[in-house]
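Enquirer: Sharing final33.txt (compact mmCIF, C-alpha atoms) below.
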```txt
# COMPACT_ATOMS: atom_id res chain seq x y z
CA MET A 1 -26.70 190.01 61.82
CA THR A 2 -24.48 187.36 63.39
CA GLU A 3 -22.84 184.65 61.33
CA GLN A 4 -25.11 182.09 63.02
CA MET A 5 -28.22 184.05 61.99
CA ARG A 6 -26.88 184.42 58.47
CA ASP A 7 -26.40 180.65 58.29
CA ALA A 8 -29.93 180.03 59.56
CA VAL A 9 -31.40 182.42 56.99
CA GLN A 10 -29.48 180.85 54.14
CA GLU A 11 -30.51 177.37 55.26
CA THR A 12 -34.15 178.48 55.43
CA PHE A 13 -33.94 180.02 51.98
CA VAL A 14 -32.66 176.79 50.45
CA GLU A 15 -35.23 174.62 52.27
CA VAL A 16 -38.20 176.77 51.28
CA VAL A 17 -37.16 177.26 47.66
CA GLU A 18 -36.52 173.52 47.25
CA LYS A 19 -39.91 172.66 48.74
CA LEU A 20 -41.70 175.22 46.59
CA THR A 21 -39.97 174.61 43.26
CA PHE A 22 -38.91 170.95 43.54
CA MET A 23 -35.46 172.11 42.34
CA PHE A 24 -32.16 171.30 44.06
CA GLY A 25 -30.78 174.27 45.97
CA GLU A 26 -27.39 174.88 47.52
CA ARG A 27 -25.40 177.79 48.83
CA ALA A 28 -22.77 179.33 46.58
CA ALA A 29 -20.14 182.02 46.75
CA ILE A 30 -20.88 185.40 45.24
CA ALA A 31 -17.66 185.04 43.29
CA ASP A 32 -19.08 181.94 41.62
CA VAL A 33 -22.02 183.85 40.13
CA ALA A 34 -21.25 184.26 36.47
CA VAL A 35 -22.76 187.47 35.21
CA GLY A 36 -23.17 187.58 31.48
CA THR A 37 -25.28 189.85 29.37
CA GLU A 38 -28.57 188.10 30.04
CA PRO A 39 -31.20 190.13 31.90
CA TRP A 40 -31.95 189.35 35.54
CA ALA A 41 -35.32 189.74 37.23
CA GLU A 42 -35.82 190.89 40.79
CA ALA A 43 -38.86 190.52 43.02
CA ARG A 44 -38.63 192.62 46.18
CA MET A 45 -40.94 193.16 49.10
CA SER A 46 -40.73 195.09 52.33
CA PHE A 47 -42.00 194.10 55.74
CA THR A 48 -42.98 196.04 58.82
CA GLY A 49 -43.91 195.28 62.42
CA ASP A 50 -41.65 193.99 65.21
CA VAL A 51 -39.02 193.76 62.50
CA LYS A 52 -38.64 195.81 59.37
CA GLY A 53 -36.67 195.67 56.18
CA SER A 54 -36.89 194.20 52.72
CA LEU A 55 -36.14 190.95 50.96
CA ALA A 56 -35.41 190.42 47.29
CA VAL A 57 -34.99 187.32 45.19
CA ILE A 58 -33.00 187.86 41.99
CA VAL A 59 -32.86 185.30 39.18
CA PRO A 60 -31.73 185.21 35.56
CA GLN A 61 -34.83 185.86 33.47
CA GLU A 62 -34.21 182.67 31.54
CA LEU A 63 -34.73 180.71 34.76
CA GLN A 64 -38.19 182.19 35.41
CA PRO A 65 -40.13 179.76 33.18
CA GLU A 66 -38.61 176.76 34.96
CA ILE A 67 -39.37 178.21 38.39
CA ALA A 68 -42.94 179.03 37.39
CA SER A 69 -43.55 175.69 35.73
CA ASN A 70 -42.27 173.83 38.77
CA ILE A 71 -44.44 175.83 41.14
CA LEU A 72 -47.51 175.54 38.96
CA GLY A 73 -46.99 172.06 37.53
CA LEU A 74 -45.49 171.38 34.14
CA ASP A 75 -48.79 170.97 32.37
CA SER A 76 -50.15 174.34 33.34
CA GLU A 77 -51.68 176.32 30.48
CA LEU A 78 -50.87 179.45 32.48
CA MET A 79 -47.22 179.20 31.43
CA ALA A 80 -48.06 180.86 28.13
CA ARG A 81 -48.91 184.08 29.99
CA PRO A 82 -45.81 186.27 30.63
CA GLU A 83 -47.35 187.91 33.71
CA VAL A 84 -47.51 184.48 35.32
CA LEU A 85 -43.70 184.26 35.34
CA ASP A 86 -43.45 187.44 37.42
CA ASP A 87 -46.36 186.36 39.59
CA ALA A 88 -44.63 183.05 40.34
CA LEU A 89 -41.40 184.83 41.29
CA ARG A 90 -43.34 187.17 43.59
CA GLU A 91 -44.99 184.17 45.20
CA MET A 92 -41.64 182.46 45.74
CA LEU A 93 -40.40 185.66 47.39
CA ASN A 94 -43.56 185.93 49.49
CA VAL A 95 -43.16 182.43 50.90
CA VAL A 96 -39.41 182.81 51.47
CA CYS A 97 -39.93 186.14 53.24
CA GLY A 98 -42.38 184.78 55.83
CA HIS A 99 -40.07 181.89 56.66
CA VAL A 100 -36.92 184.04 56.81
CA ILE A 101 -38.57 186.51 59.20
CA ARG A 102 -39.72 183.71 61.49
CA THR A 103 -36.21 182.21 61.38
CA LEU A 104 -34.67 185.52 62.42
CA ALA A 105 -37.26 186.81 64.86
CA GLY A 106 -39.10 183.73 66.13
CA PRO A 107 -42.64 182.41 65.66
CA SER A 108 -44.28 185.05 67.84
CA CYS A 109 -42.82 187.98 65.92
CA SER A 110 -45.61 190.18 64.58
CA PHE A 111 -45.11 191.45 61.03
CA ASP A 112 -46.91 192.49 57.86
CA LEU A 113 -45.74 191.76 54.35
CA VAL A 114 -46.12 194.49 51.75
CA THR A 115 -47.19 193.47 48.24
CA PRO A 116 -44.06 192.54 46.26
CA GLU A 117 -42.94 194.19 43.05
CA ASN A 118 -40.97 193.00 40.01
CA VAL A 119 -38.08 194.83 38.39
CA VAL A 120 -35.82 193.93 35.47
CA LEU A 121 -32.28 194.78 36.55
CA SER A 122 -29.69 196.63 34.54
CA GLY A 123 -26.11 195.38 34.53
CA ALA A 124 -25.19 198.16 36.97
CA ASP A 125 -28.06 197.22 39.31
CA LEU A 126 -26.91 193.62 39.33
CA GLN A 127 -23.30 194.58 39.93
CA ALA A 128 -24.35 196.76 42.88
CA LEU A 129 -26.28 193.84 44.35
CA LEU A 130 -23.30 191.52 43.97
CA GLU A 131 -21.17 194.02 45.89
CA ASP A 132 -23.77 194.46 48.63
CA PRO A 133 -22.79 192.53 51.81
CA ASP A 134 -26.48 191.77 52.39
CA THR A 135 -26.59 189.69 49.20
CA SER A 136 -26.09 185.92 49.30
CA ALA A 137 -25.78 183.54 46.38
CA TYR A 138 -27.23 180.10 45.69
CA LEU A 139 -27.46 177.56 42.93
CA LEU A 140 -30.88 176.27 41.96
CA ASP A 141 -30.46 173.22 39.74
CA ASP A 142 -26.98 174.64 39.04
CA GLU A 143 -28.37 178.03 37.96
CA PRO A 144 -27.37 181.04 40.05
CA ILE A 145 -29.91 182.97 42.10
CA LEU A 146 -29.42 185.72 44.66
CA MET A 147 -31.12 186.85 47.85
CA ASN A 148 -30.76 190.35 49.28
CA LEU A 149 -31.97 190.87 52.86
CA LYS A 150 -32.19 194.16 54.73
CA PHE A 151 -33.32 193.45 58.27
CA GLU A 152 -33.61 195.37 61.53
CA ARG A 153 -35.65 195.16 64.69
CA SER A 154 -38.14 198.01 65.11
CA MET B 1 -70.60 165.34 47.91
CA ALA B 2 -69.31 168.21 45.76
CA PHE B 3 -68.16 171.41 47.46
CA ASN B 4 -68.34 174.92 46.10
CA ILE B 5 -64.96 176.44 46.96
CA LEU B 6 -63.79 180.06 46.90
CA LEU B 7 -60.06 180.81 46.50
CA VAL B 8 -59.03 184.29 47.65
CA ASP B 9 -55.49 185.38 46.76
CA ASP B 10 -54.05 188.25 44.71
CA SER B 11 -51.62 185.79 43.13
CA LEU B 12 -52.89 183.93 40.09
CA THR B 13 -50.13 181.41 40.74
CA VAL B 14 -51.37 180.61 44.22
CA ARG B 15 -54.99 180.27 43.12
CA ALA B 16 -53.85 177.87 40.39
CA VAL B 17 -51.66 175.89 42.80
CA ILE B 18 -54.45 175.51 45.38
CA ALA B 19 -56.88 174.48 42.64
CA LYS B 20 -54.40 171.87 41.45
CA ALA B 21 -53.75 170.68 45.01
CA LEU B 22 -57.50 170.24 45.55
CA GLN B 23 -57.70 168.26 42.32
CA LEU B 24 -54.68 166.09 43.22
CA ALA B 25 -56.12 165.55 46.69
CA GLY B 26 -59.27 164.13 45.14
CA VAL B 27 -61.58 166.77 46.58
CA ASP B 28 -64.95 166.66 44.85
CA ILE B 29 -65.37 170.23 43.59
CA GLY B 30 -68.70 171.61 42.44
CA ASN B 31 -67.97 175.19 41.47
CA LEU B 32 -64.58 176.81 41.98
CA TYR B 33 -64.76 180.57 42.45
CA GLU B 34 -61.80 182.96 42.56
CA ALA B 35 -61.29 186.41 44.07
CA GLU B 36 -58.21 188.63 44.13
CA ASN B 37 -58.90 190.21 47.53
CA GLY B 38 -61.30 190.26 50.45
CA ALA B 39 -63.67 192.78 48.85
CA GLU B 40 -64.07 190.62 45.74
CA ALA B 41 -64.59 187.60 47.97
CA LEU B 42 -67.46 189.32 49.79
CA LYS B 43 -69.12 190.02 46.43
CA VAL B 44 -68.83 186.36 45.43
CA LEU B 45 -70.19 185.27 48.81
CA ASP B 46 -73.11 187.65 48.36
CA GLN B 47 -74.02 186.10 45.02
CA GLU B 48 -73.05 182.43 45.22
CA TRP B 49 -73.41 179.50 47.60
CA VAL B 50 -69.93 178.68 48.88
CA ASP B 51 -69.09 175.73 51.17
CA LEU B 52 -65.45 176.48 51.91
CA VAL B 53 -63.08 179.45 51.57
CA PHE B 54 -59.29 179.37 51.23
CA ALA B 55 -57.87 182.88 51.74
CA ASP B 56 -54.46 184.53 51.92
CA ILE B 57 -53.67 187.25 54.48
CA SER B 58 -51.60 189.82 52.54
CA MET B 59 -53.72 191.21 49.71
CA PRO B 60 -54.34 194.72 48.38
CA VAL B 61 -57.74 196.45 48.75
CA MET B 62 -58.94 194.15 51.56
CA THR B 63 -56.67 191.73 53.39
CA GLY B 64 -57.63 188.24 54.45
CA GLU B 65 -57.64 189.41 58.04
CA GLU B 66 -60.19 192.13 57.22
CA LEU B 67 -62.27 189.58 55.31
CA VAL B 68 -62.34 187.33 58.37
CA GLU B 69 -63.29 190.30 60.58
CA ARG B 70 -66.21 191.13 58.26
CA LEU B 71 -67.41 187.53 58.22
CA HIS B 72 -67.10 187.42 62.01
CA GLU B 73 -69.06 190.66 62.44
CA SER B 74 -71.87 189.42 60.19
CA GLY B 75 -71.91 186.03 61.88
CA ALA B 76 -71.39 184.31 58.53
CA ILE B 77 -68.16 182.66 59.67
CA LYS B 78 -70.13 180.35 61.98
CA ASP B 79 -71.56 178.50 58.98
CA LEU B 80 -68.86 179.18 56.41
CA PRO B 81 -65.55 177.40 57.00
CA VAL B 82 -62.59 179.68 56.26
CA VAL B 83 -59.04 178.33 55.98
CA ILE B 84 -56.16 180.79 55.81
CA VAL B 85 -53.29 179.82 53.49
CA SER B 86 -50.42 182.23 53.93
CA SER B 87 -46.75 182.85 54.60
CA ALA B 88 -47.50 185.93 56.71
CA GLY B 89 -48.71 184.00 59.73
CA ASN B 90 -47.22 184.37 63.17
CA GLU B 91 -48.47 183.01 66.48
CA PRO B 92 -50.35 186.15 67.68
CA ARG B 93 -52.04 186.65 64.29
CA ILE B 94 -53.06 182.99 63.92
CA LYS B 95 -54.42 183.00 67.49
CA ARG B 96 -56.49 186.09 66.76
CA LEU B 97 -57.79 184.65 63.48
CA ARG B 98 -58.80 181.46 65.27
CA GLU B 99 -60.64 183.56 67.86
CA LEU B 100 -62.48 185.24 64.97
CA GLY B 101 -63.58 181.86 63.71
CA ILE B 102 -61.21 180.51 61.05
CA ARG B 103 -61.22 176.72 60.99
CA ASP B 104 -57.57 176.19 60.13
CA TYR B 105 -54.32 177.76 59.02
CA ILE B 106 -51.90 176.38 56.40
CA HIS B 107 -48.36 177.73 56.09
CA LYS B 108 -47.05 178.09 52.54
CA PRO B 109 -45.53 176.15 50.93
CA PHE B 110 -48.08 173.36 51.30
CA THR B 111 -48.60 169.91 49.84
CA PRO B 112 -51.78 168.42 48.31
CA GLU B 113 -51.84 166.07 51.32
CA GLN B 114 -52.09 169.02 53.69
CA ILE B 115 -54.94 170.47 51.66
CA ARG B 116 -56.71 167.11 51.71
CA GLU B 117 -56.28 166.76 55.48
CA VAL B 118 -57.70 170.21 56.06
CA VAL B 119 -60.69 169.64 53.79
CA ASP B 120 -61.40 166.34 55.51
CA LYS B 121 -61.12 167.91 58.93
CA VAL B 122 -63.03 171.08 58.20
CA MET B 123 -65.81 169.57 56.11
CA GLY B 124 -66.04 166.45 58.23
CA VAL B 125 -65.78 164.02 55.34
CA THR B 126 -63.28 161.76 53.67
CA SER B 127 -62.97 163.61 50.40
CA HIS B 128 -60.59 161.23 48.63
CA ASP B 129 -62.51 157.97 48.77
```
Could you render the structure as structure tokens?
Expert:
Amino acid sequence: MTEQMRDAVQETFVEVVEKLTFMFGERAAIADVAVGTEPWAEARMSFTGDVKGSLAVIVPQELQPEIASNILGLDSELMARPEVLDDALREMLNVVCGHVIRTLAGPSCSFDLVTPENVVLSGADLQALLEDPDTSAYLLDDEPILMNLKFERS
Amino acid sequence: MAFNILLVDDSLTVRAVIAKALQLAGVDIGNLYEAENGAEALKVLDQEWVDLVFADISMPVMTGEELVERLHESGAIKDLPVVIVSSAGNEPRIKRLRELGIRDYIHKPFTPEQIREVVDKVMGVTSHD
């Protein structure tokens, strides 16, 4: 992936997440991501077609309620249901993924999205992601979030 | 005029967001039905009168694309407006879905205003008066 494509993907990620969550997003350096002992949640999905690969969005678990409440609306009774937090993260991933693929491969690219899955990351998993060159970092209302994109043309 | 609306998406979040967008857009809703995939949607359509369907594309069991194909094959899509709301759309797929009879396509993320515009256009009314 060229630097120009990487920039376009990161710009798309910020635009879509801001529009979906009504939270302020900005790019950040991986080195600026402070990793403490709090658990992080990952939603990952793969895609196939003219392009193939996978995309993951990784957030501190403590940020999930805010993301879900902003997507759903603050007064939603659904917020009391833990499965809704994972569902909201999967939906954020789903929307980001479609836009990122179109940014990289154009509007006529044919692709299918595979149902996303949630995972709670161990410290080692998170460290491996931070060392992965396909991972980029962002701040969402000053809280760190990560995106990991594996992408290739079929 | 109140519309009976069916929301088809495997995500509870999306169904809730579309329901809220319909409410914020001032759409007069009679009954709001929900289905997690195309197969469940067909069961609802078999049992209930539905005026308008909002459906995703990527769903387990039966996708939105398969649902549209089934409604096209049965001829039901001529009288039942179907709007696809998805992030998995691309030009060839949207073109094919339009050929099969969907009335409109909304890219996620969407706004209540977009939902209102589509309802007005598809149902031929001003729903927010």
Enquirer: Excluding same-chain residues fewer than 4 positions from B:Arg98, what lies within 10 Å of it counting only C-alpha atoms, as a PyMOL selection string?
Expert: chain B and resi 68+82-84+92-94+102-105
Enquirer: Specify as an mmCIF file with C-alpha atoms, keeping the file's coordinate frame all residues of chain B found within 6 Å of chain A, counting all atoms listed in the file.
Expert:
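Done, and the output landed in part-v1.cif:
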```
data_model
loop_
_atom_site.group_PDB
_atom_site.id
_atom_site.type_symbol
_atom_site.label_atom_id
_atom_site.label_comp_id
_atom_site.auth_asym_id
_atom_site.auth_seq_id
_atom_site.Cartn_x
_atom_site.Cartn_y
_atom_site.Cartn_z
ATOM 1 C CA THR B 13 -50.130 181.410 40.740
ATOM 2 C CA VAL B 17 -51.660 175.890 42.800
ATOM 3 C CA SER B 87 -46.750 182.850 54.600
ATOM 4 C CA ALA B 88 -47.500 185.930 56.710
ATOM 5 C CA ASN B 90 -47.220 184.370 63.170
ATOM 6 C CA GLU B 91 -48.470 183.010 66.480
ATOM 7 C CA PRO B 109 -45.530 176.150 50.930
#
```
Enquirer: I need the residue nearest B:Ile106 from this list: B:Asp9, B:Asp28, B:Asp56, B:Glu40. Use all atoms listed in the file for the distance.
Expert: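 Residue with the minimum atom-to-atom distance to B:Ile106: B:Asp56.
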Enquirer: How many Å lie between atom CA of A:Asp141 and atom CA of A:Phe24, rounded to one decimal?
Expert: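 One can read the atom CA of A:Asp141 to atom CA of A:Phe24 distance as 5.0 Å.
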Enquirer: Kindly extract all protein, DNA and RNA residues lying within 10 Å of the coordinates (-58.8, 181.2, 44.3) given in the file, considering all atoms listed in the file, and supply them as a PyMOL selection string.
Expert: chain B and resi 5-19+32-37+41+53-56
Enquirer: Could you work out how far atom CA of A:Asp32 lies from atom CA of A:Gln4, giving the answer in Å with one decimal?
Expert: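 Going from atom CA of A:Gln4 over to atom CA of A:Asp32, I get 22.2 Å.
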Enquirer: So which residues are close to (-34.0, 191.4, 47.9), meaning at most 12 Å away in the file's coordinates with all atoms listed in the file counted, and can you show them as a PyMOL selection string?
Expert: chain A and resi 41-47+53-59+89-90+92-94+96-97+100+116-119+121+125-126+129-130+132-137+145-151
Enquirer: Using the selection just defined, write its residues with C-alpha atoms as a tab-separated table (two decimals), in the coordinates of the input.
Expert:
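Written out: part12.tsv:
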```tsv
chain	number	residue	atom	x	y	z
A	41	ALA	CA	-35.32	189.74	37.23
A	42	GLU	CA	-35.82	190.89	40.79
A	43	ALA	CA	-38.86	190.52	43.02
A	44	ARG	CA	-38.63	192.62	46.18
A	45	MET	CA	-40.94	193.16	49.10
A	46	SER	CA	-40.73	195.09	52.33
A	47	PHE	CA	-42.00	194.10	55.74
A	53	GLY	CA	-36.67	195.67	56.18
A	54	SER	CA	-36.89	194.20	52.72
A	55	LEU	CA	-36.14	190.95	50.96
A	56	ALA	CA	-35.41	190.42	47.29
A	57	VAL	CA	-34.99	187.32	45.19
A	58	ILE	CA	-33.00	187.86	41.99
A	59	VAL	CA	-32.86	185.30	39.18
A	89	LEU	CA	-41.40	184.83	41.29
A	90	ARG	CA	-43.34	187.17	43.59
A	92	MET	CA	-41.64	182.46	45.74
A	93	LEU	CA	-40.40	185.66	47.39
A	94	ASN	CA	-43.56	185.93	49.49
A	96	VAL	CA	-39.41	182.81	51.47
A	97	CYS	CA	-39.93	186.14	53.24
A	100	VAL	CA	-36.92	184.04	56.81
A	116	PRO	CA	-44.06	192.54	46.26
A	117	GLU	CA	-42.94	194.19	43.05
A	118	ASN	CA	-40.97	193.00	40.01
A	119	VAL	CA	-38.08	194.83	38.39
A	121	LEU	CA	-32.28	194.78	36.55
A	125	ASP	CA	-28.06	197.22	39.31
A	126	LEU	CA	-26.91	193.62	39.33
A	129	LEU	CA	-26.28	193.84	44.35
A	130	LEU	CA	-23.30	191.52	43.97
A	132	ASP	CA	-23.77	194.46	48.63
A	133	PRO	CA	-22.79	192.53	51.81
A	134	ASP	CA	-26.48	191.77	52.39
A	135	THR	CA	-26.59	189.69	49.20
A	136	SER	CA	-26.09	185.92	49.30
A	137	ALA	CA	-25.78	183.54	46.38
A	145	ILE	CA	-29.91	182.97	42.10
A	146	LEU	CA	-29.42	185.72	44.66
A	147	MET	CA	-31.12	186.85	47.85
A	148	ASN	CA	-30.76	190.35	49.28
A	149	LEU	CA	-31.97	190.87	52.86
A	150	LYS	CA	-32.19	194.16	54.73
A	151	PHE	CA	-33.32	193.45	58.27
```
Enquirer: Quick one: axis-aligned box around all listed atoms of stretch 103-109 of chain A, 8 Å on every side, centre and edge lengths in Å to one decimal, written as AutoDock Vina command-line options.
Expert:
```
--center_x -39.5 --center_y 185.1 --center_z 64.6 --size_x 25.6 --size_y 21.8 --size_z 22.5
```
Enquirer: Give me, as a PyMOL selection string, all polymer residues having an atom no more than 12 Å from B:Glu73, counting only C-alpha atoms and skipping those fewer than 6 positions away in the same chain.
Expert: chain B and resi 66-67+100-101
Enquirer: Looking at all atoms listed in the file, which of A:Thr37, A:Asp7, A:Gly123, A:Pro65 is the one that sits closest to A:Ala80?
Expert: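 Under the stated criterion, the closest residue is A:Pro65.
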Enquirer: Quick check, in Å to one decimal: how far apart do atom CA of A:Val120 and atom CA of A:Met23 lie?
Expert: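 Calculated distance between atom CA of A:Val120 and atom CA of A:Met23 is 22.9 Å.
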Enquirer: Looking at all atoms listed in the file, which of A:Asp142, A:Asp50, A:Glu66, A:Glu152 is the one that sits closest to A:Gly25?
Expert: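 Closest to A:Gly25 of all the choices is A:Asp142.
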